[in-house]
Amino acid sequence: MAIVRIINRQLGKLPPWAPSLTTTEHKFIHRAEQLFYLAMFVMPISGWFYVMWGNYGVNLFSVWEMPRPLPKDNTLRDVAKWVHIVSGWVLLATIVFHVGLVLKHQLIKKNGLLKRML
């Protein structure tokens, strides 16, 4: 789904920046978008490595047990675990700041940015 989303993003045409956004806000929004896309890959991949190197296994709906192609490795498991945790916190912080920026424009500046986004 992440690959489909990136292809869609590349093929589509973005509207111009809202005139009410500052240059700093442009930069923040651009970086936030990059972090969102990065999280679409880092979170599931690091989670998969964590589960596979930890030899925990994945049981899908109690119907299918995902094969474990990687041997148990506690060091790599811990690295994957911390990559997963840190990337989750970075994603959460990015979401909070992104929503905060939108709320600032919607509630304080009252410039209709949310309506424009929708």
# chains A, B, ... in the order shown; residues from 1 in each chain; ligands from 1
>>> closest_atom_pairs(of="stretch 16-63 of chain A", to="stretch 77-85 of chain A", cutoff="6 Å", atoms="only C-alpha atoms", output="JSON lines")
{"residue": "A:Met43", "atom": "CA", "partner": "A:His84", "partner_atom": "CA", "distance": 5.5}
{"residue": "A:Ser46", "atom": "CA", "partner": "A:Ala80", "partner_atom": "CA", "distance": 5.1}
{"residue": "A:Gly47", "atom": "CA", "partner": "A:His84", "partner_atom": "CA", "distance": 6.0}
{"residue": "A:Tyr50", "atom": "CA", "partner": "A:Arg77", "partner_atom": "CA", "distance": 4.8}
{"residue": "A:Trp53", "atom": "CA", "partner": "A:Arg77", "partner_atom": "CA", "distance": 5.0}
{"residue": "A:Gly54", "atom": "CA", "partner": "A:Arg77", "partner_atom": "CA", "distance": 5.4}
>>> select_by_dssp(residues="chain A", states="strand (DSSP E)", output="compact mmCIF listing (two decimals) with N, CA and C atoms, in the first residue's frame")
# COMPACT_ATOMS: atom_id res chain seq x y z
N VAL A 58 4.27 -15.30 13.49
CA VAL A 58 3.06 -14.54 13.22
C VAL A 58 1.98 -15.52 12.85
N ASN A 59 0.89 -15.50 13.60
CA ASN A 59 -0.24 -16.36 13.34
C ASN A 59 -1.37 -15.48 12.83
N LEU A 60 -1.69 -15.63 11.56
CA LEU A 60 -2.68 -14.78 10.92
C LEU A 60 -4.07 -15.37 11.11
N TRP A 64 -3.21 -19.24 9.56
CA TRP A 64 -1.96 -19.45 8.83
C TRP A 64 -0.79 -18.94 9.65
N GLU A 65 0.19 -19.78 9.84
CA GLU A 65 1.41 -19.43 10.55
C GLU A 65 2.46 -18.99 9.52
N MET A 66 2.87 -17.72 9.63
CA MET A 66 3.87 -17.19 8.69
C MET A 66 5.20 -17.91 8.90
>>> residues_around(residues="A:Phe28", least_positions_apart="5", cutoff="10 Å", atoms="only C-alpha atoms", output="count of residues only")
8
>>> closest_residue(among="A:Leu35, A:Met40, A:Lys104, A:Phe49", to="A:Met1", atoms="only C-alpha atoms")
A:Met40
>>> select_by_dssp(residues="chain A", states="alpha helix (DSSP H)", output="PyMOL selection string")
chain A and resi 2-11+23-53+74-103+113-117
>>> closest_residue(among="A:Phe61, A:Phe36, A:Tyr56, A:Trp17", to="A:Val90", atoms="only C-alpha atoms")
A:Phe36
>>> atom_distance(atom1="atom CA of A:Ala39", atom2="atom CA of A:Val99")
16.8 Å
>>> atom_distance(atom1="atom CA of A:Leu114", atom2="atom CA of A:His26")
15.4 Å
>>> atom_distance(atom1="atom CA of A:Pro15", atom2="atom CA of A:Leu103")
20.3 Å
>>> closest_residue(among="A:Leu118, A:Met52, A:Val86, A:Val96", to="A:Pro71", atoms="only C-alpha atoms")
A:Met52
